[in-house]
$ cat data-v4.pdb   # PDB, C-alpha atoms and all ligand atoms
ATOM      1  CA  MET A   1    -140.057  -2.165-103.256
ATOM      2  CA  LYS A   2    -140.842  -4.290-100.259
ATOM      3  CA  VAL A   3    -138.435  -5.634 -97.722
ATOM      4  CA  VAL A   4    -138.200  -9.428 -97.719
ATOM      5  CA  PHE A   5    -135.645  -9.643 -94.940
ATOM      6  CA  ARG A   6    -133.261  -7.353 -93.149
ATOM      7  CA  SER A   7    -130.185  -8.744 -91.420
ATOM      8  CA  LYS A   8    -127.624  -6.790 -89.432
ATOM      9  CA  PHE A   9    -125.661  -5.557 -92.447
ATOM     10  CA  TYR A  10    -127.801  -6.348 -95.478
ATOM     11  CA  THR A  11    -131.341  -6.012 -96.795
ATOM     12  CA  LEU A  12    -133.159  -7.985 -99.427
ATOM     13  CA  TYR A  13    -135.920  -6.211-101.319
ATOM     14  CA  GLN A  14    -138.457  -7.516-103.732
ATOM     15  CA  SER A  15    -139.724  -5.683-106.770
ATOM     16  CA  ASP A  16    -143.107  -7.052-107.811
ATOM     17  CA  LYS A  17    -143.038  -4.962-110.966
ATOM     18  CA  GLU A  18    -139.685  -6.278-112.183
ATOM     19  CA  LYS A  19    -140.239  -9.750-110.696
ATOM     20  CA  CYS A  20    -136.806  -9.705-109.151
ATOM     21  CA  HIS A  21    -134.904  -8.982-105.956
ATOM     22  CA  TYR A  22    -132.518  -6.238-104.946
ATOM     23  CA  LEU A  23    -129.824  -6.926-102.414
ATOM     24  CA  ASP A  24    -128.446  -3.980-100.522
ATOM     25  CA  MET A  25    -124.883  -5.003 -99.709
ATOM     26  CA  ASP A  26    -124.099  -1.732 -97.969
ATOM     27  CA  GLN A  27    -121.373  -0.743-100.464
ATOM     28  CA  LYS A  28    -123.779  -1.157-103.335
ATOM     29  CA  THR A  29    -127.157  -2.542-104.235
ATOM     30  CA  ILE A  30    -127.317  -5.305-106.768
ATOM     31  CA  LYS A  31    -130.216  -6.508-108.862
ATOM     32  CA  LEU A  32    -130.845 -10.253-108.751
ATOM     33  CA  SER A  33    -133.026 -12.259-111.079
ATOM     34  CA  PHE A  34    -134.548 -15.222-109.294
ATOM     35  CA  CYS A  35    -132.001 -17.581-110.865
ATOM     36  CA  GLN A  36    -129.172 -15.313-109.766
ATOM     37  CA  PHE A  37    -130.614 -15.290-106.290
ATOM     38  CA  LEU A  38    -130.660 -19.104-106.307
ATOM     39  CA  ALA A  39    -127.042 -19.092-107.490
ATOM     40  CA  LEU A  40    -126.119 -16.679-104.701
ATOM     41  CA  ARG A  41    -127.723 -19.015-102.190
ATOM     42  CA  THR A  42    -125.680 -21.954-103.524
ATOM     43  CA  LYS A  43    -122.479 -19.913-103.348
ATOM     44  CA  VAL A  44    -123.147 -18.729 -99.832
ATOM     45  CA  ARG A  45    -124.056 -22.238 -98.702
ATOM     46  CA  ASN A  46    -120.826 -23.614-100.146
ATOM     47  CA  ILE A  47    -118.627 -21.229 -98.176
ATOM     48  CA  ALA A  48    -116.786 -23.249 -95.546
ATOM     49  CA  ILE A  49    -117.333 -20.879 -92.645
ATOM     50  CA  GLU A  50    -115.721 -23.352 -90.207
ATOM     51  CA  ASP A  51    -112.422 -22.757 -92.010
ATOM     52  CA  HIS A  52    -112.520 -19.185 -90.738
ATOM     53  CA  PHE A  53    -111.941 -20.477 -87.247
ATOM     54  CA  ASP A  54    -108.822 -22.390 -88.260
ATOM     55  CA  SER A  55    -105.876 -20.162 -89.140
ATOM     56  CA  ASP A  56    -104.308 -22.900 -91.270
ATOM     57  CA  LEU A  57    -107.326 -23.305 -93.496
ATOM     58  CA  ASN A  58    -108.277 -19.654 -93.852
ATOM     59  CA  LYS A  59    -105.400 -17.435 -92.796
ATOM     60  CA  HIS A  60    -107.052 -14.039 -93.145
ATOM     61  CA  GLY A  61    -110.703 -14.780 -92.463
ATOM     62  CA  PHE A  62    -111.894 -13.300 -95.748
ATOM     63  CA  GLU A  63    -113.847 -14.690 -98.633
ATOM     64  CA  ILE A  64    -114.138 -13.391-102.176
ATOM     65  CA  LEU A  65    -117.671 -13.581-103.442
ATOM     66  CA  MET A  66    -118.410 -13.087-107.113
ATOM     67  CA  LEU A  67    -122.027 -12.601-108.051
ATOM     68  CA  CYS A  68    -124.166 -12.447-111.189
ATOM     69  CA  ASN A  69    -121.674 -14.053-113.570
ATOM     70  CA  LYS A  70    -118.752 -12.126-112.092
ATOM     71  CA  GLU A  71    -120.441  -8.766-112.543
ATOM     72  CA  HIS A  72    -119.961  -7.962-108.868
ATOM     73  CA  LEU A  73    -117.144  -8.753-106.516
ATOM     74  CA  PHE A  74    -117.298  -8.569-102.738
ATOM     75  CA  ILE A  75    -114.698  -9.257-100.124
ATOM     76  CA  LEU A  76    -116.399 -10.253 -96.907
ATOM     77  CA  ASN A  77    -115.079 -11.020 -93.454
ATOM     78  CA  THR A  78    -116.330 -13.758 -91.155
ATOM     79  CA  LEU A  79    -119.019 -11.671 -89.451
ATOM     80  CA  GLU A  80    -120.329 -10.340 -92.742
ATOM     81  CA  LEU A  81    -120.431 -13.859 -94.177
ATOM     82  CA  LEU A  82    -122.354 -15.192 -91.209
ATOM     83  CA  ASP A  83    -124.777 -12.318 -91.595
ATOM     84  CA  LEU A  84    -125.164 -12.938 -95.328
ATOM     85  CA  LYS A  85    -125.727 -16.634 -94.687
ATOM     86  CA  SER A  86    -128.537 -15.876 -92.274
ATOM     87  CA  LEU A  87    -130.038 -13.297 -94.637
ATOM     88  CA  VAL A  88    -130.123 -15.813 -97.482
ATOM     89  CA  GLU A  89    -131.552 -18.656 -95.390
ATOM     90  CA  CYS A  90    -134.144 -16.451 -93.698
ATOM     91  CA  SER A  91    -135.205 -14.929 -97.020
ATOM     92  CA  PHE A  92    -135.809 -18.358 -98.487
ATOM     93  CA  MET A  93    -137.672 -19.348 -95.375
ATOM     94  CA  THR A  94    -139.887 -16.296 -95.867
ATOM     95  CA  ILE A  95    -140.481 -17.296 -99.489
ATOM     96  CA  ASP A  96    -141.300 -20.825 -98.341
ATOM     97  CA  ILE A  97    -143.735 -19.644 -95.685
ATOM     98  CA  ASP A  98    -145.415 -17.344 -98.204
ATOM     99  CA  GLN A  99    -145.855 -20.283-100.562
ATOM    100  CA  ILE A 100    -147.362 -22.436 -97.833
ATOM    101  CA  ALA A 101    -149.639 -19.582 -96.789
ATOM    102  CA  SER A 102    -150.837 -19.001-100.343
ATOM    103  CA  ARG A 103    -151.683 -22.702-100.572
ATOM    104  CA  THR A 104    -153.764 -22.869 -97.447
ATOM    105  CA  ILE A 105    -155.690 -19.666 -98.105
TER     106      ILE A 105
ATOM    107  CA  MET D   1    -146.191  -9.411-102.204
ATOM    108  CA  LYS D   2    -145.946 -11.435-105.406
ATOM    109  CA  ASP D   3    -144.586 -14.967-105.289
ATOM    110  CA  ILE D   4    -141.472 -14.303-107.370
ATOM    111  CA  ALA D   5    -140.186 -17.838-106.876
ATOM    112  CA  ARG D   6    -143.375 -19.219-108.391
ATOM    113  CA  LEU D   7    -143.378 -16.715-111.232
ATOM    114  CA  ASN D   8    -139.886 -17.795-112.222
ATOM    115  CA  MET D   9    -139.958 -21.470-111.436
ATOM    116  CA  SER D  10    -142.673 -24.099-111.831
ATOM    117  CA  ILE D  11    -141.348 -26.265-109.004
ATOM    118  CA  LYS D  12    -140.945 -25.542-105.305
ATOM    119  CA  VAL D  13    -137.615 -24.423-103.863
ATOM    120  CA  THR D  14    -137.664 -27.438-101.528
ATOM    121  CA  SER D  15    -138.091 -29.749-104.532
ATOM    122  CA  LEU D  16    -135.303 -27.941-106.346
ATOM    123  CA  ASP D  17    -132.913 -28.633-103.481
ATOM    124  CA  ALA D  18    -133.957 -32.267-103.226
ATOM    125  CA  LEU D  19    -133.579 -32.759-106.978
ATOM    126  CA  ASN D  20    -130.126 -31.177-106.952
ATOM    127  CA  ASP D  21    -129.167 -33.632-104.211
ATOM    128  CA  GLN D  22    -130.519 -36.407-106.418
ATOM    129  CA  ILE D  23    -128.314 -35.213-109.299
ATOM    130  CA  GLN D  24    -125.396 -35.622-106.942
ATOM    131  CA  MET D  25    -126.540 -39.118-105.995
ATOM    132  CA  GLU D  26    -127.028 -40.284-109.613
ATOM    133  CA  GLY D  27    -123.649 -38.811-110.544
ATOM    134  CA  LYS D  28    -122.019 -40.637-107.696
ATOM    135  CA  ALA D  29    -123.790 -43.871-108.671
ATOM    136  CA  SER D  30    -122.439 -43.469-112.196
ATOM    137  CA  SER D  31    -118.868 -43.034-110.955
ATOM    138  CA  SER D  32    -119.283 -45.863-108.524
ATOM    139  CA  TYR D  33    -120.411 -48.238-111.293
ATOM    140  CA  LEU D  34    -117.449 -47.141-113.359
ATOM    141  CA  ALA D  35    -115.134 -48.138-110.498
ATOM    142  CA  MET D  36    -116.879 -51.521-110.366
ATOM    143  CA  ALA D  37    -116.461 -51.938-114.134
ATOM    144  CA  SER D  38    -112.765 -51.239-113.741
ATOM    145  CA  TRP D  39    -112.391 -53.853-110.998
ATOM    146  CA  CYS D  40    -114.246 -56.426-113.102
ATOM    147  CA  ASP D  41    -112.103 -55.684-116.145
ATOM    148  CA  GLN D  42    -108.922 -56.032-114.108
ATOM    149  CA  ASN D  43    -110.091 -59.354-112.705
ATOM    150  CA  SER D  44    -111.165 -60.695-116.107
ATOM    151  CA  TYR D  45    -114.895 -60.685-115.414
ATOM    152  CA  SER D  46    -115.814 -59.309-118.798
ATOM    153  CA  GLY D  47    -119.557 -60.017-118.554
ATOM    154  CA  SER D  48    -119.865 -58.074-115.319
ATOM    155  CA  ALA D  49    -117.597 -55.316-116.608
ATOM    156  CA  ALA D  50    -119.888 -54.833-119.601
ATOM    157  CA  LEU D  51    -122.899 -54.631-117.289
ATOM    158  CA  PHE D  52    -121.293 -52.008-115.075
ATOM    159  CA  TYR D  53    -120.124 -49.881-117.996
ATOM    160  CA  ARG D  54    -123.727 -49.860-119.170
ATOM    161  CA  GLN D  55    -124.991 -49.085-115.660
ATOM    162  CA  ALA D  56    -122.543 -46.197-115.399
ATOM    163  CA  SER D  57    -123.907 -44.576-118.518
ATOM    164  CA  GLU D  58    -127.505 -45.237-117.448
ATOM    165  CA  GLU D  59    -126.907 -43.460-114.147
ATOM    166  CA  ARG D  60    -125.466 -40.555-116.042
ATOM    167  CA  GLU D  61    -128.612 -40.481-118.171
ATOM    168  CA  HIS D  62    -130.707 -40.390-114.982
ATOM    169  CA  MET D  63    -128.614 -37.494-113.785
ATOM    170  CA  MET D  64    -129.069 -35.639-117.070
ATOM    171  CA  LYS D  65    -132.815 -36.240-117.000
ATOM    172  CA  ILE D  66    -133.114 -34.511-113.625
ATOM    173  CA  PHE D  67    -130.645 -31.830-114.656
ATOM    174  CA  LYS D  68    -132.696 -30.921-117.737
ATOM    175  CA  PHE D  69    -135.955 -31.079-115.786
ATOM    176  CA  ILE D  70    -134.734 -28.567-113.212
ATOM    177  CA  ASN D  71    -133.559 -26.109-115.830
ATOM    178  CA  ASP D  72    -136.669 -26.580-117.955
ATOM    179  CA  CYS D  73    -138.713 -25.675-114.876
ATOM    180  CA  GLY D  74    -136.779 -22.438-114.498
ATOM    181  CA  GLY D  75    -134.600 -23.707-111.693
ATOM    182  CA  ASN D  76    -130.897 -23.826-111.197
ATOM    183  CA  ALA D  77    -129.325 -27.246-111.822
ATOM    184  CA  ILE D  78    -125.963 -27.717-110.189
ATOM    185  CA  SER D  79    -123.240 -29.833-111.772
ATOM    186  CA  PRO D  80    -122.128 -32.312-109.119
ATOM    187  CA  GLU D  81    -118.676 -32.582-107.621
ATOM    188  CA  ILE D  82    -117.957 -36.235-107.057
ATOM    189  CA  SER D  83    -115.341 -37.611-104.720
ATOM    190  CA  ASN D  84    -114.634 -40.588-102.489
ATOM    191  CA  ILE D  85    -115.364 -43.356-104.961
ATOM    192  CA  ASN D  86    -114.488 -46.780-103.610
ATOM    193  CA  HIS D  87    -112.352 -48.913-105.932
ATOM    194  CA  ASP D  88    -111.574 -51.729-103.506
ATOM    195  CA  PHE D  89    -113.596 -54.915-103.549
ATOM    196  CA  SER D  90    -112.759 -58.373-102.311
ATOM    197  CA  SER D  91    -115.032 -60.421-104.571
ATOM    198  CA  LEU D  92    -117.477 -60.275-107.455
ATOM    199  CA  GLU D  93    -120.297 -61.059-105.065
ATOM    200  CA  GLU D  94    -119.350 -58.124-102.860
ATOM    201  CA  ILE D  95    -119.583 -55.854-105.897
ATOM    202  CA  PHE D  96    -123.132 -56.939-106.637
ATOM    203  CA  GLU D  97    -124.079 -56.627-102.971
ATOM    204  CA  THR D  98    -122.727 -53.073-102.997
ATOM    205  CA  ALA D  99    -124.582 -52.362-106.233
ATOM    206  CA  LEU D 100    -127.874 -53.562-104.750
ATOM    207  CA  GLU D 101    -127.371 -51.482-101.610
ATOM    208  CA  GLN D 102    -126.639 -48.463-103.776
ATOM    209  CA  GLU D 103    -129.811 -48.992-105.772
ATOM    210  CA  ILE D 104    -131.877 -49.352-102.597
ATOM    211  CA  ALA D 105    -130.426 -46.094-101.290
ATOM    212  CA  VAL D 106    -131.407 -44.376-104.550
ATOM    213  CA  THR D 107    -134.935 -45.798-104.351
ATOM    214  CA  LYS D 108    -135.303 -44.495-100.805
ATOM    215  CA  SER D 109    -134.082 -41.089-101.855
ATOM    216  CA  ILE D 110    -136.528 -40.918-104.788
ATOM    217  CA  ASN D 111    -139.374 -41.952-102.477
ATOM    218  CA  LYS D 112    -138.411 -39.231-100.034
ATOM    219  CA  ILE D 113    -138.542 -36.553-102.717
ATOM    220  CA  ILE D 114    -141.928 -37.821-103.857
ATOM    221  CA  SER D 115    -143.352 -37.659-100.356
ATOM    222  CA  LEU D 116    -141.923 -34.153 -99.967
ATOM    223  CA  ALA D 117    -143.469 -33.169-103.313
ATOM    224  CA  LYS D 118    -146.819 -34.546-102.191
ATOM    225  CA  LYS D 119    -146.637 -32.640 -98.934
ATOM    226  CA  THR D 120    -145.899 -29.388-100.731
ATOM    227  CA  GLU D 121    -148.419 -30.103-103.493
ATOM    228  CA  ASP D 122    -145.636 -30.049-106.065
ATOM    229  CA  TYR D 123    -147.377 -32.441-108.415
ATOM    230  CA  ALA D 124    -145.171 -31.747-111.430
ATOM    231  CA  VAL D 125    -142.243 -33.144-109.464
ATOM    232  CA  GLU D 126    -144.241 -36.110-108.233
ATOM    233  CA  ASN D 127    -145.289 -36.872-111.778
ATOM    234  CA  PHE D 128    -141.759 -36.471-113.130
ATOM    235  CA  LEU D 129    -140.394 -38.921-110.581
ATOM    236  CA  GLN D 130    -142.852 -41.689-111.406
ATOM    237  CA  TRP D 131    -140.555 -42.810-114.209
ATOM    238  CA  PHE D 132    -137.766 -43.208-111.648
ATOM    239  CA  VAL D 133    -139.951 -45.326-109.376
ATOM    240  CA  LYS D 134    -140.420 -47.849-112.166
ATOM    241  CA  GLU D 135    -136.775 -47.693-113.178
ATOM    242  CA  GLN D 136    -135.649 -48.383-109.615
ATOM    243  CA  LEU D 137    -137.832 -51.498-109.400
ATOM    244  CA  GLU D 138    -136.136 -52.863-112.498
ATOM    245  CA  GLU D 139    -132.637 -51.984-111.349
ATOM    246  CA  GLU D 140    -133.099 -53.525-107.926
ATOM    247  CA  LYS D 141    -134.510 -56.653-109.524
ATOM    248  CA  SER D 142    -131.623 -57.105-111.938
ATOM    249  CA  MET D 143    -129.095 -56.874-109.099
ATOM    250  CA  ARG D 144    -131.088 -59.322-106.951
ATOM    251  CA  ASP D 145    -131.333 -61.789-109.843
ATOM    252  CA  ILE D 146    -127.565 -61.783-110.182
ATOM    253  CA  LEU D 147    -127.063 -62.242-106.434
ATOM    254  CA  ASP D 148    -129.404 -65.253-106.653
ATOM    255  CA  LEU D 149    -126.960 -66.833-109.106
ATOM    256  CA  PHE D 150    -124.353 -66.961-106.362
ATOM    257  CA  GLU D 151    -126.810 -68.851-104.181
ATOM    258  CA  VAL D 152    -127.700 -71.293-106.941
ATOM    259  CA  MET D 153    -124.286 -71.885-108.483
ATOM    260  CA  GLY D 154    -122.111 -71.417-105.422
ATOM    261  CA  ARG D 155    -118.842 -69.594-105.030
ATOM    262  CA  GLU D 156    -116.307 -72.379-105.500
ATOM    263  CA  GLY D 157    -113.878 -72.936-108.371
ATOM    264  CA  ILE D 158    -115.329 -72.374-111.805
ATOM    265  CA  ALA D 159    -118.733 -71.207-110.475
ATOM    266  CA  ILE D 160    -117.806 -67.516-110.368
ATOM    267  CA  LYS D 161    -116.515 -67.680-113.942
ATOM    268  CA  LEU D 162    -119.762 -69.327-115.062
ATOM    269  CA  ILE D 163    -121.801 -66.691-113.249
ATOM    270  CA  ASP D 164    -119.860 -63.951-114.983
ATOM    271  CA  GLU D 165    -120.514 -65.598-118.344
ATOM    272  CA  ARG D 166    -124.247 -65.492-117.662
ATOM    273  CA  ILE D 167    -124.155 -61.779-116.908
ATOM    274  CA  LYS D 168    -124.696 -59.540-119.879
TER     275      LYS D 168
HETATM  276 FE    FE P 201    -130.310 -44.022-111.241
HETATM  277 FE    FE P 202    -129.608 -47.252-110.799
END
$ encode --input "data-v4.pdb" --output "structure tokens"
Amino acid sequence: MKVVFRSKFYTLYQSDKEKCHYLDMDQKTIKLSFCQFLALRTKVRNIAIEDHFDSDLNKHGFEILMLCNKEHLFILNTLELLDLKSLVECSFMTIDIDQIASRTI
Amino acid sequence: MKDIARLNMSIKVTSLDALNDQIQMEGKASSSYLAMASWCDQNSYSGSAALFYRQASEEREHMMKIFKFINDCGGNAISPEISNINHDFSSLEEIFETALEQEIAVTKSINKIISLAKKTEDYAVENFLQWFVKEQLEEEKSMRDILDLFEVMGREGIAIKLIDERIK
């Protein structure tokens, strides 16, 4: 498996053989089909991280993240969420750059 | 490294995002037309109400067309959350002006996705959206034609009622 992107806490791998991704979430590694990875991106994007800096809107600074049709459940704090956000965005940027590269070659 | 995105999805990720935004826009247009239909009904403009009910369902069809396309391509269509629909209008003419502006905004958005698709050589998306280009021309025209009626027939007394009767 190859590393697509490594953030501070998490790593995204790609398995060419299985045509899918693996996300190492530290506590456990989860397998993601491409559609599940897209769904994860949507979920992560929809997290209102600004609310974490307002104690009225998000009292405890945690977020519950359910992935792969509720197969996995994670409770993440603000720093972990920010890290996951950057992992997801950077991974998609890598995918995008690869696609552009494959076009020009 | 294999292009897993491409193996799973026939359109580009950038197109997917733009098309999901378009789903949102068509959904909002549908709700917005429904609000206009309601206003027209309440103010006894039955011709215009009928037109906006029809427009509302057409916009929903547009939304569904894109929704199906995304999923058929192996993507991930997202059901839109719609809020902030305006229900307040001061005249029938204002409604049609708003409708035209809304259609122009949709046309611009479609054009933007097409130019993005061209840039990324996502020709399936460009081809898919051609139908929308034609549809937008027609929709803009029908709104403009109605706004012309206000110019021709005026806005005084019975004129508005007569305009509404001409709208189907
Ligand atoms: Fe539309
Ligand atoms: Fe329209």
$ residues_near_point --input "data-v4.pdb" --point "(-143.3, -18.9, -103.0)" --cutoff "6 Å" --atoms "only C-alpha atoms" --output "PyMOL selection string"
(chain A and resi 95-96+98-99) or (chain D and resi 3+5-6)
$ residues_near_ligand --input "data-v4.pdb" --ligand "ligand FE 202 (chain P)" --cutoff "6 Å" --atoms "all atoms listed in the file" --output "VMD selection string"
chain D and resid 59 103 139
$ write_last_selection --input "data-v4.pdb" --atoms "C-alpha atoms" --output "short mmCIF file (atom, residue, chain, number, x, y, z; two decimals), in the frame of the given file"
data_model
loop_
_atom_site.label_atom_id
_atom_site.label_comp_id
_atom_site.auth_asym_id
_atom_site.auth_seq_id
_atom_site.Cartn_x
_atom_site.Cartn_y
_atom_site.Cartn_z
CA GLU D 59 -126.91 -43.46 -114.15
CA GLU D 103 -129.81 -48.99 -105.77
CA GLU D 139 -132.64 -51.98 -111.35
#
$ resolve_selection --input "data-v4.pdb" --expression "the PyMOL selection byres (((not hetatm)) within 12 of (chain P and resi 201))" --output "tab-separated table (two decimals) with C-alpha atoms, keeping the file's coordinate frame"
chain	number	residue	atom	x	y	z
D	22	GLN	CA	-130.52	-36.41	-106.42
D	23	ILE	CA	-128.31	-35.21	-109.30
D	24	GLN	CA	-125.40	-35.62	-106.94
D	25	MET	CA	-126.54	-39.12	-106.00
D	26	GLU	CA	-127.03	-40.28	-109.61
D	27	GLY	CA	-123.65	-38.81	-110.54
D	28	LYS	CA	-122.02	-40.64	-107.70
D	29	ALA	CA	-123.79	-43.87	-108.67
D	30	SER	CA	-122.44	-43.47	-112.20
D	31	SER	CA	-118.87	-43.03	-110.96
D	32	SER	CA	-119.28	-45.86	-108.52
D	33	TYR	CA	-120.41	-48.24	-111.29
D	54	ARG	CA	-123.73	-49.86	-119.17
D	55	GLN	CA	-124.99	-49.08	-115.66
D	56	ALA	CA	-122.54	-46.20	-115.40
D	57	SER	CA	-123.91	-44.58	-118.52
D	58	GLU	CA	-127.50	-45.24	-117.45
D	59	GLU	CA	-126.91	-43.46	-114.15
D	60	ARG	CA	-125.47	-40.56	-116.04
D	61	GLU	CA	-128.61	-40.48	-118.17
D	62	HIS	CA	-130.71	-40.39	-114.98
D	63	MET	CA	-128.61	-37.49	-113.78
D	64	MET	CA	-129.07	-35.64	-117.07
D	65	LYS	CA	-132.82	-36.24	-117.00
D	66	ILE	CA	-133.11	-34.51	-113.62
D	99	ALA	CA	-124.58	-52.36	-106.23
D	100	LEU	CA	-127.87	-53.56	-104.75
D	102	GLN	CA	-126.64	-48.46	-103.78
D	103	GLU	CA	-129.81	-48.99	-105.77
D	104	ILE	CA	-131.88	-49.35	-102.60
D	105	ALA	CA	-130.43	-46.09	-101.29
D	106	VAL	CA	-131.41	-44.38	-104.55
D	107	THR	CA	-134.94	-45.80	-104.35
D	108	LYS	CA	-135.30	-44.50	-100.80
D	109	SER	CA	-134.08	-41.09	-101.86
D	110	ILE	CA	-136.53	-40.92	-104.79
D	129	LEU	CA	-140.39	-38.92	-110.58
D	131	TRP	CA	-140.56	-42.81	-114.21
D	132	PHE	CA	-137.77	-43.21	-111.65
D	133	VAL	CA	-139.95	-45.33	-109.38
D	134	LYS	CA	-140.42	-47.85	-112.17
D	135	GLU	CA	-136.78	-47.69	-113.18
D	136	GLN	CA	-135.65	-48.38	-109.62
D	137	LEU	CA	-137.83	-51.50	-109.40
D	138	GLU	CA	-136.14	-52.86	-112.50
D	139	GLU	CA	-132.64	-51.98	-111.35
D	140	GLU	CA	-133.10	-53.52	-107.93
$ resolve_selection --input "data-v4.pdb" --expression "the PyMOL selection byres (((chain D and resi 165) around 9) and not hetatm)" --output "PyMOL selection string"
chain D and resi 45-48+160-164+166-168
$ closest_residue --input "data-v4.pdb" --among "D:Asn76, D:Ser44, D:Ile11, D:Lys68" --to "chain A" --atoms "only C-alpha atoms"
D:Asn76
$ closest_atom_pairs --input "data-v4.pdb" --of "chain A" --to "chain D" --cutoff "7 Å" --atoms "all atoms listed in the file" --output "JSON lines"
{"residue": "A:Asp16", "atom": "CA", "partner": "D:Lys2", "partner_atom": "CA", "distance": 5.7}
{"residue": "A:Lys19", "atom": "CA", "partner": "D:Ile4", "partner_atom": "CA", "distance": 5.8}
{"residue": "A:Cys20", "atom": "CA", "partner": "D:Ile4", "partner_atom": "CA", "distance": 6.8}
{"residue": "A:Phe34", "atom": "CA", "partner": "D:Asn8", "partner_atom": "CA", "distance": 6.6}
{"residue": "A:Cys35", "atom": "CA", "partner": "D:Asn76", "partner_atom": "CA", "distance": 6.4}
{"residue": "A:Leu38", "atom": "CA", "partner": "D:Asn76", "partner_atom": "CA", "distance": 6.8}
$ residues_around --input "data-v4.pdb" --residues "Leu12 in chain A" --least-positions-apart "5" --cutoff "12 Å" --atoms "all atoms listed in the file" --output "MDAnalysis selection string"
chainID A and resid 1:7 20:26 29:32 37 84 86:92 94:95
$ resolve_selection --input "data-v4.pdb" --expression "the PyMOL selection byres (((chain A and resi 68) around 9) and not hetatm)" --output "ChimeraX atom specification"
/A:30-33,36-37,39-40,66-67,69-72
$ atom_distance --input "data-v4.pdb" --atom1 "CA of Ser102 in chain A" --atom2 "CA of Val44 in chain A"
27.7 Å
$ axis_aligned_box --input "data-v4.pdb" --around "range 74-86 of chain A" --padding-each-side "4 Å" --output "JSON"
{"center_x": -121.6, "center_y": -12.6, "center_z": -96.1, "size_x": 21.8, "size_y": 16.1, "size_z": 21.3}
$ atom_distance --input "data-v4.pdb" --atom1 "CA of Leu34 in chain D" --atom2 "CA of Ile114 in chain D"
27.9 Å
$ residues_near_point --input "data-v4.pdb" --point "(-121.6, -53.6, -108.0)" --cutoff "6 Å" --atoms "only C-alpha atoms" --output "PyMOL selection string"
chain D and resi 36+95-96+98-99
$ atom_distance --input "data-v4.pdb" --atom1 "CA of Lys141 in chain D" --atom2 "CA of Asn86 in chain D"
23.1 Å
$ residues_around --input "data-v4.pdb" --residues "Leu82 in chain A" --least-positions-apart "2" --cutoff "12 Å" --atoms "only C-alpha atoms" --output "PyMOL selection string"
chain A and resi 7-10+44-45+47-50+52+61-63+76-80+84-89
$ write_last_selection --input "data-v4.pdb" --atoms "C-alpha atoms" --output "tab-separated table (two decimals), in the frame of the given file"
chain	number	residue	atom	x	y	z
A	7	SER	CA	-130.18	-8.74	-91.42
A	8	LYS	CA	-127.62	-6.79	-89.43
A	9	PHE	CA	-125.66	-5.56	-92.45
A	10	TYR	CA	-127.80	-6.35	-95.48
A	44	VAL	CA	-123.15	-18.73	-99.83
A	45	ARG	CA	-124.06	-22.24	-98.70
A	47	ILE	CA	-118.63	-21.23	-98.18
A	48	ALA	CA	-116.79	-23.25	-95.55
A	49	ILE	CA	-117.33	-20.88	-92.64
A	50	GLU	CA	-115.72	-23.35	-90.21
A	52	HIS	CA	-112.52	-19.18	-90.74
A	61	GLY	CA	-110.70	-14.78	-92.46
A	62	PHE	CA	-111.89	-13.30	-95.75
A	63	GLU	CA	-113.85	-14.69	-98.63
A	76	LEU	CA	-116.40	-10.25	-96.91
A	77	ASN	CA	-115.08	-11.02	-93.45
A	78	THR	CA	-116.33	-13.76	-91.16
A	79	LEU	CA	-119.02	-11.67	-89.45
A	80	GLU	CA	-120.33	-10.34	-92.74
A	84	LEU	CA	-125.16	-12.94	-95.33
A	85	LYS	CA	-125.73	-16.63	-94.69
A	86	SER	CA	-128.54	-15.88	-92.27
A	87	LEU	CA	-130.04	-13.30	-94.64
A	88	VAL	CA	-130.12	-15.81	-97.48
A	89	GLU	CA	-131.55	-18.66	-95.39
